[in-house]
file protein.txt (compact mmCIF, C-alpha atoms)
# COMPACT_ATOMS: atom_id res chain seq x y z
CA MET A 1391 3.61 -22.89 -23.09
CA SER A 1392 0.35 -22.34 -25.00
CA LYS A 1393 -3.06 -21.78 -23.44
CA GLY A 1394 -4.18 -25.17 -24.69
CA ASN A 1395 -1.31 -26.91 -22.92
CA ILE A 1396 -2.07 -25.04 -19.71
CA ARG A 1397 -5.73 -26.09 -19.88
CA ASN A 1398 -4.73 -29.69 -20.49
CA LEU A 1399 -2.39 -29.64 -17.51
CA LEU A 1400 -5.09 -28.25 -15.22
CA ARG A 1401 -7.88 -30.50 -16.53
CA ARG A 1402 -8.78 -33.10 -13.93
CA ASP A 1403 -7.43 -36.60 -14.64
CA THR A 1404 -8.28 -39.13 -11.93
CA ARG A 1405 -5.71 -41.62 -13.19
CA ALA A 1406 -2.88 -39.11 -13.13
CA ASP A 1407 -3.96 -37.61 -9.82
CA ARG A 1408 -3.31 -40.94 -8.11
CA VAL A 1409 0.38 -40.43 -8.78
CA VAL A 1410 0.61 -37.67 -6.16
CA PRO A 1411 -0.31 -38.53 -2.54
CA PRO A 1412 -3.30 -36.38 -1.47
CA THR A 1413 -1.91 -35.92 2.03
CA GLY A 1414 1.46 -35.71 3.71
CA PHE A 1415 4.11 -33.18 4.59
CA THR A 1416 4.29 -31.50 1.18
CA ALA A 1417 0.51 -31.09 1.03
CA GLN A 1418 0.42 -29.45 4.45
CA LEU A 1419 3.42 -27.27 3.62
CA THR A 1420 1.86 -26.04 0.38
CA LEU A 1421 -1.44 -25.20 2.06
CA PHE A 1422 0.23 -23.43 4.98
CA VAL A 1423 2.70 -21.43 2.89
CA SER A 1424 0.13 -20.29 0.35
CA GLY A 1425 -2.33 -19.34 3.09
CA ALA A 1426 0.21 -17.49 5.21
CA MET A 1427 1.68 -15.62 2.25
CA ALA A 1428 -1.78 -14.64 0.98
CA PHE A 1429 -2.64 -13.35 4.46
CA LEU A 1430 0.50 -11.19 4.47
CA ALA A 1431 -0.12 -10.06 0.89
CA VAL A 1432 -3.54 -8.69 1.86
CA PHE A 1433 -1.99 -6.42 4.47
CA ALA A 1434 0.86 -5.41 2.17
CA LEU A 1435 -1.71 -4.49 -0.47
CA ALA A 1436 -3.76 -2.57 2.09
CA LEU A 1437 -0.64 -0.65 3.17
CA SER A 1438 0.26 0.20 -0.40
CA LEU A 1439 -3.23 1.44 -1.32
CA ALA A 1440 -3.63 3.40 1.92
CA SER A 1441 -0.25 5.06 1.43
CA GLY A 1442 -1.20 6.03 -2.10
CA ARG A 1443 -4.45 7.60 -0.88
CA LEU A 1444 -2.57 9.43 1.85
CA ALA A 1445 0.00 10.82 -0.59
CA ASP A 1446 -2.74 12.01 -2.95
CA ARG A 1447 -4.67 13.62 -0.09
CA TRP A 1448 -1.66 15.42 1.32
CA ALA A 1449 -0.59 16.59 -2.13
CA SER A 1450 -4.04 17.98 -2.97
CA GLU A 1451 -4.93 19.48 0.40
CA LEU A 1452 -1.60 21.08 1.21
CA ALA A 1453 -1.02 22.30 -2.33
CA GLY A 1454 -4.16 24.42 -2.15
CA ALA A 1455 -3.35 26.20 1.10
CA ALA A 1456 -0.73 28.51 2.57
CA THR A 1457 -0.12 30.27 5.85
CA LEU A 1458 0.93 33.84 6.49
CA ARG A 1459 2.65 34.54 9.78
CA ILE A 1460 2.67 38.08 11.20
CA ASN A 1461 5.73 38.58 13.40
CA ALA A 1462 5.20 42.00 14.87
CA PRO A 1463 5.09 43.68 18.29
CA ALA A 1464 1.76 43.32 20.06
CA GLU A 1465 0.83 46.96 19.48
CA GLN A 1466 1.43 46.66 15.72
CA ARG A 1467 0.08 43.16 15.18
CA ALA A 1468 -3.54 44.12 14.52
CA ALA A 1469 -2.60 46.84 12.02
CA GLN A 1470 -0.18 44.59 10.15
CA THR A 1471 -2.73 41.79 10.11
CA GLU A 1472 -5.31 44.07 8.53
CA ALA A 1473 -2.74 45.32 6.02
CA ALA A 1474 -1.80 41.76 5.10
CA LEU A 1475 -5.45 40.80 4.64
CA SER A 1476 -5.92 43.81 2.38
CA VAL A 1477 -2.96 42.74 0.25
CA LEU A 1478 -4.24 39.18 0.04
CA ARG A 1479 -7.71 40.28 -1.06
CA GLN A 1480 -6.12 42.08 -3.99
CA THR A 1481 -3.79 39.21 -4.94
CA PRO A 1482 -4.74 37.02 -7.92
CA GLY A 1483 -4.87 33.33 -7.07
CA VAL A 1484 -6.11 33.87 -3.50
CA ALA A 1485 -9.61 32.48 -3.11
CA SER A 1486 -9.95 33.46 0.55
CA ALA A 1487 -7.86 34.64 3.48
CA ARG A 1488 -8.77 34.97 7.14
CA ALA A 1489 -6.97 35.56 10.42
CA LEU A 1490 -7.18 32.66 12.85
CA THR A 1491 -8.82 33.39 16.17
CA GLY A 1492 -7.01 32.98 19.46
CA GLU A 1493 -8.97 29.80 20.16
CA GLU A 1494 -7.96 28.30 16.81
CA GLN A 1495 -4.30 29.10 17.38
CA ALA A 1496 -4.47 27.63 20.87
CA ALA A 1497 -6.00 24.45 19.41
CA LEU A 1498 -3.10 24.19 16.96
CA LEU A 1499 -0.54 24.50 19.76
CA SER A 1500 -2.31 22.40 22.39
CA PRO A 1501 -0.90 19.03 21.19
CA TRP A 1502 2.59 20.32 22.02
CA PHE A 1503 2.02 22.73 24.92
CA GLY A 1504 -1.24 21.54 26.45
CA PRO A 1505 -4.72 23.09 26.49
CA ASP A 1506 -3.90 25.73 29.13
CA LEU A 1507 -1.38 27.66 27.06
CA PRO A 1508 -1.51 31.39 28.02
CA LEU A 1509 -1.49 32.99 24.57
CA ASP A 1510 -1.75 36.51 25.96
CA ALA A 1511 1.47 36.11 27.90
CA LEU A 1512 3.49 34.73 24.98
CA PRO A 1513 4.74 36.50 21.83
CA ILE A 1514 2.85 34.19 19.49
CA PRO A 1515 2.56 35.52 15.91
CA GLN A 1516 -0.78 36.02 14.25
CA LEU A 1517 -1.58 33.36 11.64
CA ILE A 1518 -3.57 33.98 8.48
CA GLU A 1519 -5.00 31.04 6.56
CA ILE A 1520 -4.82 31.37 2.77
CA ILE A 1521 -6.86 29.21 0.40
CA GLU A 1522 -5.56 29.25 -3.14
CA GLY A 1523 -7.78 29.55 -6.18
CA GLU A 1524 -7.36 29.89 -9.92
CA PRO A 1525 -4.98 30.62 -11.61
CA GLY A 1526 -2.77 29.71 -8.66
CA LEU A 1527 -0.75 31.70 -6.17
CA ASP A 1528 2.45 33.45 -7.22
CA ALA A 1529 4.32 32.93 -3.95
CA THR A 1530 7.44 34.80 -5.06
CA GLY A 1531 5.55 37.90 -6.14
CA LEU A 1532 3.41 37.85 -3.00
CA ARG A 1533 6.49 37.65 -0.78
CA LEU A 1534 7.98 40.70 -2.50
CA ARG A 1535 4.80 42.74 -2.05
CA LEU A 1536 4.36 41.68 1.56
CA GLY A 1537 7.98 42.52 2.28
CA ALA A 1538 7.34 46.06 1.08
CA GLU A 1539 3.94 46.66 2.69
CA VAL A 1540 3.89 44.32 5.71
CA PRO A 1541 7.46 43.98 7.05
CA GLY A 1542 6.52 41.44 9.71
CA ALA A 1543 4.78 39.01 7.32
CA VAL A 1544 6.30 35.62 6.50
CA LEU A 1545 4.60 33.47 3.83
CA ASP A 1546 4.73 29.69 4.17
CA ASP A 1547 3.31 27.83 1.16
CA HIS A 1548 3.94 24.45 2.88
CA THR A 1549 6.41 23.36 0.21
CA ARG A 1550 9.18 22.66 2.73
CA TRP A 1551 7.25 20.02 4.62
CA ARG A 1552 4.60 19.03 2.05
CA GLU A 1553 7.10 17.37 -0.28
CA PRO A 1554 8.81 15.25 2.43
CA LEU A 1555 5.41 14.05 3.66
CA VAL A 1556 4.29 13.08 0.18
CA ASP A 1557 7.65 11.41 -0.50
CA ALA A 1558 7.35 9.43 2.74
CA ALA A 1559 3.85 8.24 1.83
CA MET A 1560 5.00 7.26 -1.67
CA SER A 1561 7.93 5.36 -0.15
CA LEU A 1562 5.48 3.40 1.99
CA ARG A 1563 3.46 2.68 -1.13
CA ARG A 1564 6.53 1.34 -2.93
CA LEU A 1565 7.44 -0.69 0.15
CA GLY A 1566 4.02 -2.33 0.05
CA TRP A 1567 4.43 -3.37 -3.58
CA ILE A 1568 7.99 -4.59 -2.96
CA SER A 1569 6.66 -6.66 -0.06
CA ILE A 1570 4.09 -8.25 -2.36
CA LEU A 1571 6.83 -9.16 -4.84
CA LEU A 1572 8.94 -10.66 -2.05
CA ILE A 1573 5.94 -12.61 -0.79
CA GLY A 1574 5.40 -13.99 -4.29
CA GLY A 1575 9.07 -14.96 -4.56
CA ALA A 1576 9.05 -16.66 -1.17
CA THR A 1577 5.89 -18.55 -2.11
CA ALA A 1578 7.47 -19.76 -5.34
CA ALA A 1579 10.60 -20.89 -3.49
CA MET A 1580 8.69 -22.82 -0.83
CA ILE A 1581 6.38 -24.50 -3.33
CA THR A 1582 9.38 -25.43 -5.46
CA LEU A 1583 10.97 -27.10 -2.44
CA ALA A 1584 7.74 -28.92 -1.65
CA ALA A 1585 7.34 -30.08 -5.25
CA ASN A 1586 10.95 -31.30 -5.39
CA ALA A 1587 10.44 -33.21 -2.14
CA SER A 1588 7.25 -34.80 -3.42
CA LEU A 1589 8.85 -35.77 -6.73
CA ALA A 1590 11.86 -37.26 -4.96
CA ALA A 1591 9.64 -39.19 -2.56
CA ASN A 1592 7.71 -40.67 -5.48
CA ALA A 1593 10.76 -41.49 -7.60
CA GLN A 1594 9.97 -45.21 -7.65
CA ILE A 1595 6.38 -44.61 -8.72
CA ILE A 1596 7.59 -42.29 -11.47
CA GLU A 1597 10.02 -44.96 -12.68
CA VAL A 1598 7.25 -47.56 -12.83
CA LEU A 1599 4.98 -45.17 -14.73
CA ARG A 1600 7.72 -44.59 -17.28
CA GLN A 1601 8.20 -48.31 -17.74
CA VAL A 1602 4.52 -48.76 -18.56
CA GLY A 1603 4.65 -45.94 -21.12
CA ALA A 1604 3.65 -42.81 -19.21
CA ARG A 1605 5.14 -39.64 -20.63
CA ASP A 1606 6.81 -36.97 -18.54
CA ARG A 1607 4.06 -34.48 -19.44
CA PHE A 1608 1.48 -36.87 -17.96
CA ILE A 1609 3.51 -37.24 -14.75
CA ALA A 1610 4.33 -33.53 -14.47
CA GLY A 1611 0.69 -32.63 -15.05
CA ALA A 1612 -0.35 -34.68 -12.03
CA PHE A 1613 2.02 -32.77 -9.75
CA VAL A 1614 1.18 -29.41 -11.31
CA ARG A 1615 -2.55 -29.93 -10.74
CA ARG A 1616 -2.13 -31.05 -7.15
CA PHE A 1617 0.12 -28.19 -6.13
CA THR A 1618 -1.76 -25.54 -8.11
CA PHE A 1619 -5.13 -26.36 -6.57
CA ARG A 1620 -3.61 -26.74 -3.11
CA ALA A 1621 -2.07 -23.29 -3.44
CA LEU A 1622 -5.36 -21.88 -4.75
CA PHE A 1623 -7.28 -23.26 -1.78
CA GLY A 1624 -4.68 -22.18 0.78
CA ALA A 1625 -4.39 -18.69 -0.72
CA ALA A 1626 -8.18 -18.32 -0.78
CA VAL A 1627 -8.39 -19.15 2.93
CA GLY A 1628 -5.49 -16.82 3.74
CA THR A 1629 -7.04 -14.01 1.72
CA LEU A 1630 -10.38 -14.37 3.49
CA LEU A 1631 -8.66 -14.28 6.87
CA GLY A 1632 -6.60 -11.26 5.82
CA MET A 1633 -9.65 -9.35 4.59
CA SER A 1634 -11.43 -10.18 7.85
CA GLY A 1635 -8.48 -8.71 9.71
CA VAL A 1636 -8.58 -5.56 7.58
CA LEU A 1637 -12.30 -5.20 8.33
CA LEU A 1638 -11.50 -5.19 12.04
CA LEU A 1639 -9.13 -2.24 11.68
CA PRO A 1640 -10.44 1.20 12.74
CA GLU A 1641 -12.10 3.23 10.03
CA ALA A 1642 -10.35 6.26 8.60
CA SER A 1643 -10.69 9.43 10.66
CA ASP A 1644 -8.92 12.77 10.91
CA ALA A 1645 -8.36 12.31 14.64
CA GLY A 1646 -6.89 8.84 14.29
CA GLY A 1647 -4.31 9.74 11.67
CA PHE A 1648 -2.75 7.44 9.09
CA LEU A 1649 -3.13 4.09 10.84
CA THR A 1650 -6.92 4.36 10.99
CA GLY A 1651 -7.07 4.53 7.20
CA LEU A 1652 -5.17 1.27 6.63
CA GLY A 1653 -7.65 -0.68 4.54
CA PHE A 1654 -9.51 -0.90 1.25
CA GLN A 1655 -12.01 1.53 -0.17
CA GLY A 1656 -14.48 1.22 -3.02
CA ILE A 1657 -13.20 -0.85 -5.91
CA GLY A 1658 -10.08 -1.60 -3.89
CA TRP A 1659 -11.97 -4.42 -2.17
CA ILE A 1660 -11.87 -6.34 -5.47
CA LEU A 1661 -8.07 -6.40 -5.63
CA PRO A 1662 -7.54 -8.97 -2.82
CA ALA A 1663 -9.66 -11.42 -4.83
CA LEU A 1664 -6.78 -11.55 -7.32
CA ILE A 1665 -4.36 -12.85 -4.68
CA PRO A 1666 -5.54 -16.52 -4.78
CA ILE A 1667 -5.43 -16.47 -8.58
CA LEU A 1668 -1.92 -15.04 -8.58
CA GLY A 1669 -0.90 -17.53 -5.89
CA ALA A 1670 -2.18 -20.39 -8.02
CA GLY A 1671 -0.30 -18.98 -10.99
CA VAL A 1672 2.93 -18.83 -9.00
CA ALA A 1673 2.39 -22.40 -7.82
CA PHE A 1674 1.69 -23.55 -11.38
CA LEU A 1675 4.90 -22.06 -12.75
CA ALA A 1676 7.01 -23.15 -9.79
CA THR A 1677 5.72 -26.73 -9.86
CA TRP A 1678 6.00 -27.04 -13.63
CA SER A 1679 9.59 -25.81 -13.55
CA ALA A 1680 10.48 -28.07 -10.62
CA ALA A 1681 8.83 -31.08 -12.26
CA GLN A 1682 10.68 -30.58 -15.53
CA ARG A 1683 14.04 -30.34 -13.77
CA LYS A 1684 13.41 -33.25 -11.42
CA LEU A 1685 12.14 -35.56 -14.14
CA LYS A 1686 15.28 -34.89 -16.16
CA GLU A 1687 17.38 -35.76 -13.11
CA LEU A 1688 15.46 -39.01 -12.66
CA SER A 1689 15.91 -39.99 -16.31

call {"tool": "encode", "arguments": {"input": "protein.txt", "output": "structure tokens"}}
result
Amino acid sequence: MSKGNIRNLLRRDTRADRVVPPTGFTAQLTLFVSGAMAFLAVFALALSLASGRLADRWASELAGAATLRINAPAEQRAAQTEAALSVLRQTPGVASARALTGEEQAALLSPWFGPDLPLDALPIPQLIEIIEGEPGLDATGLRLRLGAEVPGAVLDDHTRWREPLVDAAMSLRRLGWISILLIGGATAAMITLAANASLAANAQIIEVLRQVGARDRFIAGAFVRRFTFRALFGAAVGTLLGMSGVLLLPEASDAGGFLTGLGFQGIGWILPALIPILGAGVAFLATWSAAQRKLKELS
């Protein structure tokens, strides 16, 4: 179908528009379905974008850091910590390295053991925070050197748990996009059913129009316009309601975790505006296809 034909189908024709009842069950169904699906699509889009941001943040932040754990008896821990720091200062690719204080280690453990954890009474290893720089950290070479000079040192470059976290976030992102595709498919199916019902209900009117010389394109255009603009209006309302709901969600914060960042940022706020247009496009194609099939059946 050419662009000119599409424009002709969507151009308002008051005579043709009288063919399709402006109210009724199919009109209400089209408005409700397009609005509800657009509302859900906004949140699916927000989930997908937020998951993508989360994956990028985890990948960048965790890739540039590592942790060195000193497992040594209490009387040797300070000496081994100083030896490890000395090795790290001489290691290419290490921008900075520092031993965490007792308060910082207690803060890391407090979510699991509570704020009153007696660190002095427990054999908790000393942690050293490593920030990577250019040209990057050679983890294998550093492990070999630490094994020779600091026997109690264990290097964790976060690879073991960084990759599963990033994979999980990317899976959520894909799930969001799959949900949008399913929403589009469900919208097309429901509008097709509504268009078929409307065409069947107006079978006698269609027959009379054919007898007076109306072509199938003229009749189909009337239904396509009605359902396309109904879907556009319903999707616009649903999108506005969905964006209002997203605005009410908590803003992103480190303390709140992932769920507080579920929303749009920057240019991402423009993307929901495409949902009504896409909804109208789905309605156009679904109604045109349904009209062509139904008119052939009524021939």

call {"tool": "closest_residue", "arguments": {"input": "protein.txt", "among": "A:Leu1499, A:Leu1599, A:Ala1587, A:Leu1458", "to": "Val1544 (chain A)", "atoms": "only C-alpha atoms"}}
result
A:Leu1458

call {"tool": "closest_residue", "arguments": {"input": "protein.txt", "among": "A:Ile1570, A:Ile1460, A:Arg1467, A:Arg1563", "to": "Ile1518 (chain A)", "atoms": "all atoms listed in the file"}}
result
A:Ile1460

call {"tool": "closest_residue", "arguments": {"input": "protein.txt", "among": "A:Arg1488, A:Arg1447, A:Arg1620, A:Arg1550", "to": "Thr1416 (chain A)", "atoms": "only C-alpha atoms"}}
result
A:Arg1620

call {"tool": "closest_atom_pairs", "arguments": {"input": "protein.txt", "of": "region 1531-1573 of chain A", "to": "region 1419-1433 of chain A", "cutoff": "10 Å", "atoms": "all atoms listed in the file", "output": "tab-separated table"}}
result
residue	atom	partner	partner_atom	distance
A:Gly1566	CA	A:Phe1433	CA	8.5
A:Trp1567	CA	A:Ala1431	CA	9.2
A:Ser1569	CA	A:Ala1431	CA	7.6
A:Ile1570	CA	A:Ala1431	CA	5.6
A:Leu1571	CA	A:Ala1431	CA	9.1
A:Leu1572	CA	A:Ala1431	CA	9.5
A:Ile1573	CA	A:Met1427	CA	6.0

call {"tool": "closest_residue", "arguments": {"input": "protein.txt", "among": "A:Ile1665, A:Gly1492, A:Leu1639, A:Trp1502", "to": "Gly1653 (chain A)", "atoms": "only C-alpha atoms"}}
result
A:Leu1639

call {"tool": "residues_around", "arguments": {"input": "protein.txt", "residues": "Trp1448 (chain A)", "least_positions_apart": "4", "cutoff": "12 Å", "atoms": "all atoms listed in the file", "output": "number ranges by chain"}}
result
A: 1441-1444, 1452-1455, 1548-1549, 1551-1560, 1648

call {"tool": "atom_distance", "arguments": {"input": "protein.txt", "atom1": "CA of Glu1539 (chain A)", "atom2": "CA of Glu1494 (chain A)"}}
result
26.0 Å

call {"tool": "atom_distance", "arguments": {"input": "protein.txt", "atom1": "CA of Leu1652 (chain A)", "atom2": "CA of Ala1436 (chain A)"}}
result
6.1 Å

call {"tool": "atom_distance", "arguments": {"input": "protein.txt", "atom1": "CA of Val1477 (chain A)", "atom2": "CA of Pro1513 (chain A)"}}
result
23.7 Å

call {"tool": "closest_residue", "arguments": {"input": "protein.txt", "among": "A:Thr1530, A:Ala1610, A:Ala1663, A:Val1540", "to": "Ala1626 (chain A)", "atoms": "only C-alpha atoms"}}
result
A:Ala1663

call {"tool": "closest_residue", "arguments": {"input": "protein.txt", "among": "A:Leu1562, A:Ala1576, A:Ala1604, A:Leu1532", "to": "Arg1479 (chain A)", "atoms": "all atoms listed in the file"}}
result
A:Leu1532
